[in-house]
$ cat start.txt   # compact mmCIF, C-alpha atoms
# COMPACT_ATOMS: atom_id res chain seq x y z
CA MET A 1 89.12 105.01 106.16
CA LYS A 2 92.78 105.88 105.56
CA PHE A 3 94.62 105.17 102.30
CA GLY A 4 98.39 105.63 102.17
CA ILE A 5 100.71 105.79 99.18
CA LEU A 6 104.38 105.19 99.90
CA ILE A 7 107.07 107.23 98.13
CA PHE A 8 110.88 107.15 98.26
CA ASP A 9 113.84 108.49 96.27
CA GLY A 10 113.71 106.99 92.80
CA VAL A 11 109.95 106.34 92.87
CA GLU A 12 108.49 106.40 89.35
CA GLU A 13 106.26 109.44 89.02
CA LEU A 14 103.27 108.00 87.20
CA ASP A 15 103.34 104.81 89.30
CA PHE A 16 102.00 106.75 92.25
CA VAL A 17 100.37 109.85 90.77
CA GLY A 18 98.01 107.83 88.55
CA PRO A 19 96.54 105.96 91.54
CA TRP A 20 96.70 109.13 93.68
CA GLU A 21 94.52 111.04 91.20
CA LEU A 22 91.91 108.27 91.06
CA LEU A 23 92.02 107.75 94.82
CA LYS A 24 91.33 111.42 95.49
CA LEU A 25 88.50 111.48 92.96
CA TRP A 26 87.03 108.44 94.68
CA SER A 27 87.35 110.24 98.00
CA SER A 28 85.63 113.42 96.82
CA LEU A 29 83.03 112.06 94.38
CA ALA A 30 82.00 108.69 95.74
CA ASP A 31 82.61 108.45 99.47
CA GLY A 32 86.08 106.97 99.15
CA PRO A 33 88.64 107.06 101.97
CA GLU A 34 88.39 110.30 104.00
CA GLU A 35 92.11 110.47 104.62
CA CYS A 36 94.54 110.03 101.71
CA LEU A 37 98.21 110.34 102.57
CA ILE A 38 101.47 110.32 100.67
CA VAL A 39 104.02 108.81 103.04
CA SER A 40 107.83 108.90 103.02
CA GLU A 41 110.50 107.81 105.45
CA GLN A 42 111.79 111.30 106.18
CA SER A 43 110.32 114.78 105.93
CA ARG A 44 112.68 116.13 103.26
CA PRO A 45 111.52 116.35 99.62
CA VAL A 46 111.54 113.06 97.69
CA ASP A 47 113.47 112.97 94.39
CA CYS A 48 111.47 110.88 91.96
CA ALA A 49 112.98 108.63 89.30
CA LYS A 50 112.36 111.10 86.48
CA GLY A 51 113.39 114.21 88.41
CA MET A 52 110.15 115.48 89.95
CA SER A 53 110.42 116.66 93.56
CA VAL A 54 107.51 115.87 95.90
CA ASN A 55 106.80 116.65 99.55
CA ALA A 56 105.05 113.81 101.36
CA HIS A 57 102.23 114.48 103.82
CA VAL A 58 103.56 112.31 106.64
CA THR A 59 106.68 110.38 107.64
CA PHE A 60 106.77 106.76 108.76
CA ALA A 61 106.85 108.04 112.35
CA ASP A 62 103.75 110.24 111.90
CA CYS A 63 101.70 107.91 109.75
CA PRO A 64 98.51 106.59 111.35
CA PRO A 65 97.43 102.96 110.91
CA LEU A 66 96.23 102.60 107.32
CA ASN A 67 93.31 100.65 105.94
CA TYR A 68 94.93 100.49 102.51
CA LEU A 69 98.56 100.85 101.43
CA LEU A 70 99.85 101.23 97.86
CA ILE A 71 103.50 100.77 96.96
CA PRO A 72 104.67 102.18 93.62
CA GLY A 73 107.84 101.11 91.82
CA GLY A 74 110.77 102.75 90.09
CA MET A 75 114.53 102.39 90.05
CA GLY A 76 114.62 103.35 93.73
CA ILE A 77 113.07 99.98 94.58
CA ARG A 78 116.41 98.24 94.03
CA LYS A 79 117.69 100.10 97.08
CA GLU A 80 114.47 100.06 99.12
CA VAL A 81 114.17 96.25 99.14
CA SER A 82 117.11 96.36 101.56
CA ASN A 83 115.86 99.32 103.60
CA THR A 84 114.92 97.85 106.97
CA ALA A 85 113.01 100.95 108.07
CA LEU A 86 110.84 100.82 104.95
CA LEU A 87 110.26 97.05 105.14
CA ASN A 88 109.35 97.37 108.82
CA PHE A 89 106.91 100.16 108.02
CA VAL A 90 105.23 98.04 105.34
CA SER A 91 105.17 94.89 107.48
CA CYS A 92 103.69 96.66 110.49
CA GLN A 93 101.06 98.50 108.44
CA ALA A 94 100.20 95.24 106.65
CA GLN A 95 99.02 93.72 109.93
CA ASN A 96 96.04 96.09 109.92
CA THR A 97 95.34 96.83 106.26
CA SER A 98 92.31 95.48 104.44
CA ALA A 99 94.28 95.53 101.21
CA LEU A 100 97.83 95.98 99.94
CA LEU A 101 98.46 97.24 96.43
CA SER A 102 101.58 97.65 94.32
CA VAL A 103 102.38 99.12 90.94
CA CYS A 104 105.26 98.15 88.66
CA THR A 105 108.32 97.05 90.65
CA GLY A 106 106.59 98.00 93.90
CA SER A 107 105.78 94.28 94.12
CA PHE A 108 109.45 93.65 95.01
CA VAL A 109 108.91 95.48 98.29
CA LEU A 110 105.89 93.30 99.04
CA GLN A 111 108.05 90.28 98.23
CA ALA A 112 110.94 91.46 100.41
CA ALA A 113 108.49 91.98 103.28
CA GLY A 114 107.25 88.41 102.88
CA LEU A 115 103.82 89.53 101.75
CA LEU A 116 103.72 87.74 98.38
CA THR A 117 104.33 84.24 99.75
CA GLY A 118 101.89 81.80 98.14
CA ARG A 119 100.35 84.52 96.01
CA LYS A 120 100.01 85.42 92.36
CA ALA A 121 101.63 88.73 91.50
CA THR A 122 102.95 90.78 88.61
CA THR A 123 105.32 93.65 87.82
CA HIS A 124 106.71 95.68 84.91
CA TRP A 125 107.36 93.45 81.88
CA GLY A 126 111.07 94.27 82.08
CA SER A 127 111.24 92.85 85.61
CA LEU A 128 109.07 89.71 85.31
CA ASP A 129 112.11 87.43 85.19
CA ARG A 130 113.59 89.05 88.28
CA LEU A 131 110.35 88.37 90.14
CA ARG A 132 110.32 84.75 88.95
CA VAL A 133 113.54 84.18 90.89
CA PHE A 134 111.44 83.98 94.07
CA ASP A 135 109.97 80.51 94.39
CA ASP A 136 107.24 81.53 96.80
CA THR A 137 105.41 83.75 94.30
CA GLU A 138 103.48 82.79 91.16
CA VAL A 139 104.27 85.42 88.55
CA VAL A 140 101.50 86.16 86.05
CA GLU A 141 101.61 88.38 82.96
CA GLU A 142 98.37 90.26 83.49
CA ARG A 143 97.84 94.02 83.49
CA PHE A 144 96.97 93.60 87.15
CA VAL A 145 96.15 90.67 89.38
CA ARG A 146 94.34 90.27 92.65
CA ASP A 147 95.11 87.44 95.02
CA GLY A 148 93.05 87.78 98.19
CA ASN A 149 93.79 91.18 99.67
CA VAL A 150 96.97 91.72 97.63
CA TRP A 151 96.65 93.57 94.32
CA THR A 152 99.67 93.98 92.04
CA ALA A 153 99.87 95.85 88.74
CA ALA A 154 102.18 95.69 85.74
CA GLY A 155 104.35 98.65 84.76
CA ILE A 156 103.92 102.38 85.38
CA SER A 157 100.53 103.24 83.83
CA ALA A 158 98.96 99.92 84.86
CA GLY A 159 98.42 101.32 88.34
CA MET A 160 95.46 103.29 87.02
CA ASP A 161 93.69 100.21 85.71
CA LEU A 162 94.39 98.46 89.01
CA MET A 163 93.03 101.39 90.99
CA LEU A 164 89.77 101.57 89.05
CA ALA A 165 89.26 97.82 89.47
CA PHE A 166 90.03 98.15 93.17
CA ILE A 167 87.49 100.96 93.56
CA ALA A 168 84.88 98.92 91.69
CA ASP A 169 85.54 95.95 93.95
CA THR A 170 85.51 97.98 97.15
CA ALA A 171 82.80 100.55 96.44
CA GLY A 172 80.92 99.23 93.42
CA ASP A 173 80.68 99.79 89.69
CA ALA A 174 78.91 103.15 89.98
CA ALA A 175 81.64 104.60 92.20
CA ALA A 176 84.37 103.48 89.79
CA GLY A 177 82.29 104.91 86.96
CA LYS A 178 82.17 108.35 88.57
CA VAL A 179 85.93 108.32 89.06
CA GLN A 180 86.59 107.11 85.53
CA ALA A 181 84.32 109.80 84.05
CA GLN A 182 85.86 112.65 86.04
CA ALA A 183 89.40 111.49 85.19
CA GLU A 184 88.17 111.01 81.63
CA TYR A 185 90.06 107.72 81.62
CA TYR A 186 88.84 106.37 78.29
CA PRO A 187 92.23 105.98 76.64
CA ALA A 188 92.72 106.10 72.89
CA ASN A 189 93.16 102.65 71.43
CA ALA A 190 96.42 103.65 69.76
CA THR A 191 99.60 101.62 69.66
CA TYR A 192 102.92 102.83 68.34
CA GLY A 193 105.87 100.74 67.21
CA ASP A 194 105.75 96.94 67.28
CA PHE A 195 106.41 96.07 70.93
CA ALA A 196 103.38 93.77 71.20
CA GLY A 197 104.95 91.56 68.54
CA THR A 198 108.22 91.06 70.39
CA ASP A 199 109.21 88.33 72.83
CA SER A 200 109.58 90.87 75.64
CA ALA A 201 105.92 91.89 75.56
CA PRO A 202 103.89 90.70 78.56
CA GLY A 203 101.32 87.96 78.04
CA TYR A 204 98.27 90.18 78.36
CA LEU A 205 99.50 92.35 75.50
CA LYS A 206 100.31 89.43 73.20
CA ASP A 207 96.89 87.92 73.92
CA GLU A 208 95.18 91.15 72.90
CA ARG A 209 96.63 91.10 69.43
CA MET B 1 115.63 121.08 72.90
CA LYS B 2 113.84 122.33 76.02
CA PHE B 3 110.37 121.20 77.07
CA GLY B 4 108.60 123.01 79.88
CA ILE B 5 105.54 122.00 81.88
CA LEU B 6 103.78 124.80 83.74
CA ILE B 7 102.38 124.21 87.24
CA PHE B 8 100.47 126.46 89.65
CA ASP B 9 98.40 126.10 92.82
CA GLY B 10 95.34 123.99 92.04
CA VAL B 11 96.96 122.20 89.07
CA GLU B 12 95.44 118.75 88.58
CA GLU B 13 98.06 116.14 89.43
CA LEU B 14 97.61 113.66 86.60
CA ASP B 15 97.18 116.44 84.01
CA PHE B 16 100.88 117.18 84.25
CA VAL B 17 102.46 114.03 85.68
CA GLY B 18 101.11 111.81 82.88
CA PRO B 19 102.78 113.91 80.17
CA TRP B 20 105.85 114.44 82.40
CA GLU B 21 106.41 110.69 82.68
CA LEU B 22 106.12 110.16 78.94
CA LEU B 23 108.25 113.21 78.17
CA LYS B 24 111.07 111.98 80.38
CA LEU B 25 110.91 108.50 78.86
CA TRP B 26 111.11 110.09 75.43
CA SER B 27 114.11 112.09 76.60
CA SER B 28 115.98 109.09 77.99
CA LEU B 29 114.98 106.33 75.56
CA ALA B 30 114.52 108.00 72.21
CA ASP B 31 116.53 111.23 71.99
CA GLY B 32 113.71 113.45 73.21
CA PRO B 33 114.30 116.93 74.62
CA GLU B 34 117.54 117.11 76.63
CA GLU B 35 116.12 119.58 79.12
CA CYS B 36 112.72 118.92 80.71
CA LEU B 37 111.57 121.47 83.23
CA ILE B 38 108.63 121.87 85.59
CA VAL B 39 108.03 125.62 85.84
CA SER B 40 106.11 127.65 88.42
CA GLU B 41 105.72 131.37 89.06
CA GLN B 42 107.48 131.32 92.42
CA SER B 43 110.00 129.05 94.09
CA ARG B 44 107.78 127.88 96.97
CA PRO B 45 106.09 124.42 96.79
CA VAL B 46 103.01 124.21 94.57
CA ASP B 47 99.83 122.85 96.15
CA CYS B 48 98.10 120.70 93.55
CA ALA B 49 94.32 120.37 93.19
CA LYS B 50 94.18 117.01 94.96
CA GLY B 51 96.63 117.88 97.73
CA MET B 52 99.99 116.78 96.38
CA SER B 53 102.88 119.18 97.01
CA VAL B 54 105.47 119.60 94.24
CA ASN B 55 108.66 121.65 93.94
CA ALA B 56 109.18 123.09 90.46
CA HIS B 57 112.60 123.10 88.83
CA VAL B 58 112.56 126.75 87.74
CA THR B 59 110.53 129.92 88.22
CA PHE B 60 109.24 132.16 85.45
CA ALA B 61 112.24 134.40 86.05
CA ASP B 62 114.77 131.53 85.72
CA CYS B 63 113.12 129.65 82.87
CA PRO B 64 115.09 129.58 79.63
CA PRO B 65 113.35 129.99 76.25
CA LEU B 66 111.42 126.78 75.61
CA ASN B 67 110.93 124.84 72.41
CA TYR B 68 107.75 123.25 73.75
CA LEU B 69 105.39 124.30 76.52
CA LEU B 70 102.59 122.21 78.06
CA ILE B 71 99.87 123.74 80.22
CA PRO B 72 97.87 121.38 82.42
CA GLY B 73 94.47 122.19 83.92
CA GLY B 74 92.74 121.91 87.26
CA MET B 75 90.57 124.10 89.44
CA GLY B 76 93.46 126.54 89.80
CA ILE B 77 92.95 127.55 86.16
CA ARG B 78 89.92 129.62 87.11
CA LYS B 79 92.28 131.95 88.98
CA GLU B 80 95.25 131.69 86.61
CA VAL B 81 93.32 132.93 83.56
CA SER B 82 93.43 136.33 85.30
CA ASN B 83 97.05 136.07 86.45
CA THR B 84 98.94 138.62 84.35
CA ALA B 85 102.35 137.23 85.28
CA LEU B 86 101.36 133.75 84.12
CA LEU B 87 99.70 134.95 80.91
CA ASN B 88 102.75 137.08 80.12
CA PHE B 89 105.03 134.10 80.70
CA VAL B 90 102.98 131.95 78.34
CA SER B 91 102.65 134.69 75.69
CA CYS B 92 106.36 135.46 75.68
CA GLN B 93 107.39 131.80 75.57
CA ALA B 94 104.87 131.20 72.78
CA GLN B 95 106.78 133.55 70.50
CA ASN B 96 109.61 131.02 70.32
CA THR B 97 108.00 127.63 70.85
CA SER B 98 107.61 125.09 68.05
CA ALA B 99 104.49 123.74 69.78
CA LEU B 100 102.09 124.60 72.58
CA LEU B 101 100.16 121.85 74.34
CA SER B 102 97.42 121.86 76.94
CA VAL B 103 95.60 119.23 78.95
CA CYS B 104 92.09 119.48 80.39
CA THR B 105 91.20 123.07 81.34
CA GLY B 106 94.74 124.19 80.53
CA SER B 107 93.24 125.27 77.20
CA PHE B 108 91.60 128.20 79.03
CA VAL B 109 95.04 129.68 79.66
CA LEU B 110 95.88 129.37 75.96
CA GLN B 111 92.56 131.08 75.22
CA ALA B 112 93.17 133.86 77.73
CA ALA B 113 96.59 134.46 76.19
CA GLY B 114 94.98 134.80 72.75
CA LEU B 115 96.63 131.65 71.46
CA LEU B 116 93.48 129.75 70.44
CA THR B 117 92.12 132.39 68.07
CA GLY B 118 90.98 130.75 64.86
CA ARG B 119 91.88 127.29 66.14
CA LYS B 120 90.17 124.04 66.99
CA ALA B 121 90.59 123.07 70.63
CA THR B 122 89.16 120.88 73.37
CA THR B 123 89.02 120.56 77.16
CA HIS B 124 87.53 118.40 79.93
CA TRP B 125 83.96 117.32 79.03
CA GLY B 126 82.62 119.23 82.05
CA SER B 127 84.08 122.49 80.68
CA LEU B 128 83.26 122.21 76.97
CA ASP B 129 80.36 124.64 77.27
CA ARG B 130 82.52 127.17 79.08
CA LEU B 131 85.02 127.02 76.23
CA ARG B 132 82.26 127.44 73.65
CA VAL B 133 81.56 130.90 75.09
CA PHE B 134 84.61 132.18 73.21
CA ASP B 135 83.64 132.87 69.60
CA ASP B 136 87.19 132.79 68.29
CA THR B 137 87.72 129.08 69.05
CA GLU B 138 86.12 126.04 67.44
CA VAL B 139 85.47 123.55 70.23
CA VAL B 140 85.69 119.88 69.27
CA GLU B 141 84.83 116.83 71.36
CA GLU B 142 87.89 114.73 70.59
CA ARG B 143 90.24 113.04 73.05
CA PHE B 144 92.84 115.46 71.73
CA VAL B 145 93.11 117.74 68.74
CA ARG B 146 95.97 119.32 66.88
CA ASP B 147 95.56 122.57 65.00
CA GLY B 148 98.86 123.66 63.53
CA ASN B 149 101.34 123.94 66.39
CA VAL B 150 98.67 123.96 69.11
CA TRP B 151 97.69 120.62 70.66
CA THR B 152 94.88 120.45 73.22
CA ALA B 153 93.65 117.39 75.13
CA ALA B 154 90.40 116.50 76.86
CA GLY B 155 90.28 115.87 80.62
CA ILE B 156 92.98 114.73 83.04
CA SER B 157 94.18 111.38 81.65
CA ALA B 158 93.82 112.50 78.01
CA GLY B 159 97.16 114.29 78.31
CA MET B 160 98.90 110.94 78.01
CA ASP B 161 97.25 110.11 74.69
CA LEU B 162 98.08 113.61 73.46
CA MET B 163 101.69 113.26 74.53
CA LEU B 164 102.21 109.94 72.75
CA ALA B 165 100.67 111.36 69.57
CA PHE B 166 102.88 114.43 69.88
CA ILE B 167 105.99 112.27 70.27
CA ALA B 168 104.98 110.17 67.26
CA ASP B 169 104.48 113.32 65.20
CA THR B 170 107.72 114.95 66.33
CA ALA B 171 110.06 111.98 66.55
CA GLY B 172 108.32 109.16 64.69
CA ASP B 173 106.32 106.05 65.40
CA ALA B 174 109.29 104.04 66.71
CA ALA B 175 110.13 106.69 69.33
CA ALA B 176 106.53 106.81 70.56
CA GLY B 177 106.54 103.00 70.60
CA LYS B 178 109.57 102.89 72.89
CA VAL B 179 107.93 105.34 75.28
CA GLN B 180 104.60 103.51 75.22
CA ALA B 181 106.31 100.17 75.92
CA GLN B 182 108.39 101.45 78.81
CA ALA B 183 105.37 103.20 80.37
CA GLU B 184 103.40 100.03 79.62
CA TYR B 185 100.60 102.29 78.41
CA TYR B 186 98.31 99.63 76.99
CA PRO B 187 95.26 100.42 79.11
CA ALA B 188 92.62 97.85 79.95
CA ASN B 189 89.53 98.30 77.83
CA ALA B 190 87.31 98.45 80.91
CA THR B 191 84.48 100.90 81.48
CA TYR B 192 82.58 101.30 84.72
CA GLY B 193 79.17 102.85 85.22
CA ASP B 194 77.18 104.25 82.29
CA PHE B 195 78.73 107.66 81.66
CA ALA B 196 79.18 107.05 77.93
CA GLY B 197 75.42 106.73 77.61
CA THR B 198 74.67 110.11 79.17
CA ASP B 199 74.24 113.50 77.49
CA SER B 200 77.31 114.85 79.30
CA ALA B 201 79.69 112.38 77.67
CA PRO B 202 82.05 113.95 75.10
CA GLY B 203 81.51 113.14 71.43
CA TYR B 204 84.52 110.87 71.06
CA LEU B 205 83.21 108.61 73.82
CA LYS B 206 79.67 108.43 72.44
CA ASP B 207 81.06 107.63 68.99
CA GLU B 208 83.06 104.75 70.38
CA ARG B 209 80.03 102.96 71.72
$ encode --input "start.txt" --output "structure tokens"
Amino acid sequence: MKFGILIFDGVEELDFVGPWELLKLWSSLADGPEECLIVSEQSRPVDCAKGMSVNAHVTFADCPPLNYLLIPGGMGIRKEVSNTALLNFVSCQAQNTSALLSVCTGSFVLQAAGLLTGRKATTHWGSLDRLRVFDDTEVVEERFVRDGNVWTAAGISAGMDLMLAFIADTAGDAAAGKVQAQAEYYPANATYGDFAGTDSAPGYLKDER
Amino acid sequence: MKFGILIFDGVEELDFVGPWELLKLWSSLADGPEECLIVSEQSRPVDCAKGMSVNAHVTFADCPPLNYLLIPGGMGIRKEVSNTALLNFVSCQAQNTSALLSVCTGSFVLQAAGLLTGRKATTHWGSLDRLRVFDDTEVVEERFVRDGNVWTAAGISAGMDLMLAFIADTAGDAAAGKVQAQAEYYPANATYGDFAGTDSAPGYLKDER
């Protein structure tokens, strides 16, 4: 099995590194995908949204057919939704994938490639209204949502919760448990400030209060 | 203010990218450190523990005096605790920093540099016993612990909880709240498998059950 994670200039760092970490733990600890690839359009270093510089493993041209493809978000998405080469890459890969996943505003690439039509999806709370503009997609305010073989997560850190749920669904509870334990992903139940009490907060956060 | 994050071959990806993301959000949204730097010994790309390739911003030789320094962990630590150049870099920077932070097995570098003497500290649950070997450090099984100006976190993802607590302590609850909201770090309360019920589980996780 081959799992690819797409990156591009302006990709949000944690959007893709959170899932990458859990993916690689799945691969090494619980018979997850043998081949895990970070993919970019060109071979030069990618400048992430917050200033980190990353070298992808393969370019679009070199990338083998993937079983799973994850698309992170970030400010770079606003440009990439009009990048024909990137949309073509996603569309062509999507014909063979068993699942497509996005984190944060990565869902806008799925939308631009026509892959959210008739589906429930989500994104970063600050971009929910921008996603609602598209009539063909039902926007939900969950931390992550699965609709068939398309999984979309809310903002930045939500990709980790999505990834664990995806592993549990694909490989079982015990596999996800091994990954969660090794990543020690048992977050503190701490909240700072009063965001959950504001109108901007996504539904899942308001419901939790 | 200048905040540096140390990387090296075999650094665990999420150990440093989790804090990096939150640090940069702090910087941009809530008057956090103006200069945020990823630092490595040499200028060549760093090969992370799980196969990601990252280009640091500065080398040891170029790095300015830092106000804060964070040391992530990963399998590479087992080599770095004997790397004189790295230990010298950390020791010299520590003379001027207001705070030192580590994630996962990064605490072993602090220990090797003599910076945990007489302090409480923690690490990844799988390495707690290895840290207990050192008589000069009191090992605790918390998700993160602060002892004076030294903050240490448990494994991999725990660096994010540490970072938010550090921001709250340094810049106040509202600043940490802005960062938490933008990163949408309100993790799902999901656990997979039965790790928390095993002897290996760290104290903070057993206590939560």
$ closest_atom_pairs --input "start.txt" --of "chain B" --to "chain A" --cutoff "6 Å" --atoms "all atoms listed in the file" --output "CSV"
residue,atom,partner,partner_atom,distance
B:Ser53,CA,A:Asn55,CA,5.3
B:Val54,CA,A:Val54,CA,4.6
B:Asn55,CA,A:Ser53,CA,5.3
B:Gly155,CA,A:Glu184,CA,5.4
B:Ile156,CA,A:Ala183,CA,5.3
B:Ser157,CA,A:Tyr185,CA,5.5
B:Asp173,CA,A:Tyr192,CA,5.5
B:Ala174,CA,A:Gly193,CA,4.8
B:Ala176,CA,A:Tyr192,CA,5.8
B:Gly177,CA,A:Gly193,CA,4.1
B:Ala183,CA,A:Ile156,CA,5.3
B:Glu184,CA,A:Gly155,CA,5.4
B:Tyr185,CA,A:Ser157,CA,5.5
B:Tyr192,CA,A:Gly177,CA,4.3
B:Gly193,CA,A:Gly177,CA,4.1
$ atom_distance --input "start.txt" --atom1 "atom CA of A:Ser91" --atom2 "atom CA of A:Asp31"
27.5 Å
$ axis_aligned_box --input "start.txt" --around "stretch 39-58 of chain B" --padding-each-side "3 Å" --output "JSON"
{"center_x": 103.4, "center_y": 124.1, "center_z": 91.8, "size_x": 24.4, "size_y": 20.6, "size_z": 17.9}
$ atom_distance --input "start.txt" --atom1 "atom CA of A:Glu138" --atom2 "atom CA of A:Ser102"
15.3 Å
$ atom_distance --input "start.txt" --atom1 "atom CA of A:Met163" --atom2 "atom CA of A:Ala113"
21.9 Å
$ closest_residue --input "start.txt" --among "B:Asn96, B:Ser107, B:Ser27, B:Asn149" --to "B:Ser127" --atoms "all atoms listed in the file"
B:Ser107
$ closest_residue --input "start.txt" --among "B:Asp169, B:Glu142, B:Glu35, B:Asp62" --to "B:Gly4" --atoms "all atoms listed in the file"
B:Glu35
$ residues_around --input "start.txt" --residues "A:Thr105" --least-positions-apart "2" --cutoff "6 Å" --atoms "all atoms listed in the file" --output "PyMOL selection string"
chain A and resi 73+107-108+123
$ write_last_selection --input "start.txt" --atoms "C-alpha atoms" --output "short mmCIF file (atom, residue, chain, number, x, y, z; two decimals), in the coordinates of the input"
data_model
loop_
_atom_site.label_atom_id
_atom_site.label_comp_id
_atom_site.auth_asym_id
_atom_site.auth_seq_id
_atom_site.Cartn_x
_atom_site.Cartn_y
_atom_site.Cartn_z
CA GLY A 73 107.84 101.11 91.82
CA SER A 107 105.78 94.28 94.12
CA PHE A 108 109.45 93.65 95.01
CA THR A 123 105.32 93.65 87.82
#
$ residues_near_point --input "start.txt" --point "(95.9, 87.9, 97.2)" --cutoff "12 Å" --atoms "only C-alpha atoms" --output "PyMOL selection string"
chain A and resi 98-102+110+115-122+137-138+144-152
$ residues_around --input "start.txt" --residues "A:Thr97" --least-positions-apart "2" --cutoff "7 Å" --atoms "only C-alpha atoms" --output "PyMOL selection string"
chain A and resi 66-68+93-95+99-100
$ closest_residue --input "start.txt" --among "B:Gly197, B:Gly114, B:Pro64, B:Pro72" --to "B:Leu6" --atoms "only C-alpha atoms"
B:Pro72
$ build_atoms --input "start.txt" --residues "stretch 71-88 of chain B" --atoms "N, CA and C atoms" --output "CSV table (one decimal), keeping the file's coordinate frame"
chain,number,residue,atom,x,y,z
B,71,ILE,N,100.6,123.1,79.1
B,71,ILE,CA,99.9,123.7,80.2
B,71,ILE,C,98.8,122.8,80.7
B,72,PRO,N,98.9,122.3,81.9
B,72,PRO,CA,97.9,121.4,82.4
B,72,PRO,C,96.7,122.2,83.0
B,73,GLY,N,95.6,121.5,83.4
B,73,GLY,CA,94.5,122.2,83.9
B,73,GLY,C,94.3,121.9,85.4
B,74,GLY,N,93.0,122.0,85.8
B,74,GLY,CA,92.7,121.9,87.3
B,74,GLY,C,91.9,123.1,87.7
B,75,MET,N,91.4,123.0,88.9
B,75,MET,CA,90.6,124.1,89.4
B,75,MET,C,91.3,125.4,89.5
B,76,GLY,N,92.6,125.3,89.7
B,76,GLY,CA,93.5,126.5,89.8
B,76,GLY,C,93.4,127.4,88.5
B,77,ILE,N,93.0,126.8,87.4
B,77,ILE,CA,93.0,127.6,86.2
B,77,ILE,C,92.0,128.7,86.3
B,78,ARG,N,90.9,128.6,87.0
B,78,ARG,CA,89.9,129.6,87.1
B,78,ARG,C,90.5,130.9,87.7
B,79,LYS,N,91.6,130.8,88.5
B,79,LYS,CA,92.3,132.0,89.0
B,79,LYS,C,93.4,132.4,88.0
B,80,GLU,N,94.1,131.4,87.5
B,80,GLU,CA,95.2,131.7,86.6
B,80,GLU,C,94.9,132.4,85.3
B,81,VAL,N,93.7,132.2,84.8
B,81,VAL,CA,93.3,132.9,83.6
B,81,VAL,C,93.3,134.5,83.8
B,82,SER,N,93.3,134.9,85.0
B,82,SER,CA,93.4,136.3,85.3
B,82,SER,C,94.8,136.7,85.9
B,83,ASN,N,95.7,135.8,85.9
B,83,ASN,CA,97.0,136.1,86.4
B,83,ASN,C,98.0,136.6,85.4
B,84,THR,N,98.2,137.9,85.4
B,84,THR,CA,98.9,138.6,84.4
B,84,THR,C,100.3,138.1,84.2
B,85,ALA,N,101.0,137.8,85.3
B,85,ALA,CA,102.4,137.2,85.3
B,85,ALA,C,102.4,135.9,84.5
B,86,LEU,N,101.4,135.0,84.8
B,86,LEU,CA,101.4,133.8,84.1
B,86,LEU,C,101.0,133.9,82.6
B,87,LEU,N,100.1,134.8,82.3
B,87,LEU,CA,99.7,135.0,80.9
B,87,LEU,C,100.9,135.6,80.1
B,88,ASN,N,101.6,136.5,80.8
B,88,ASN,CA,102.8,137.1,80.1
B,88,ASN,C,103.8,136.0,79.9
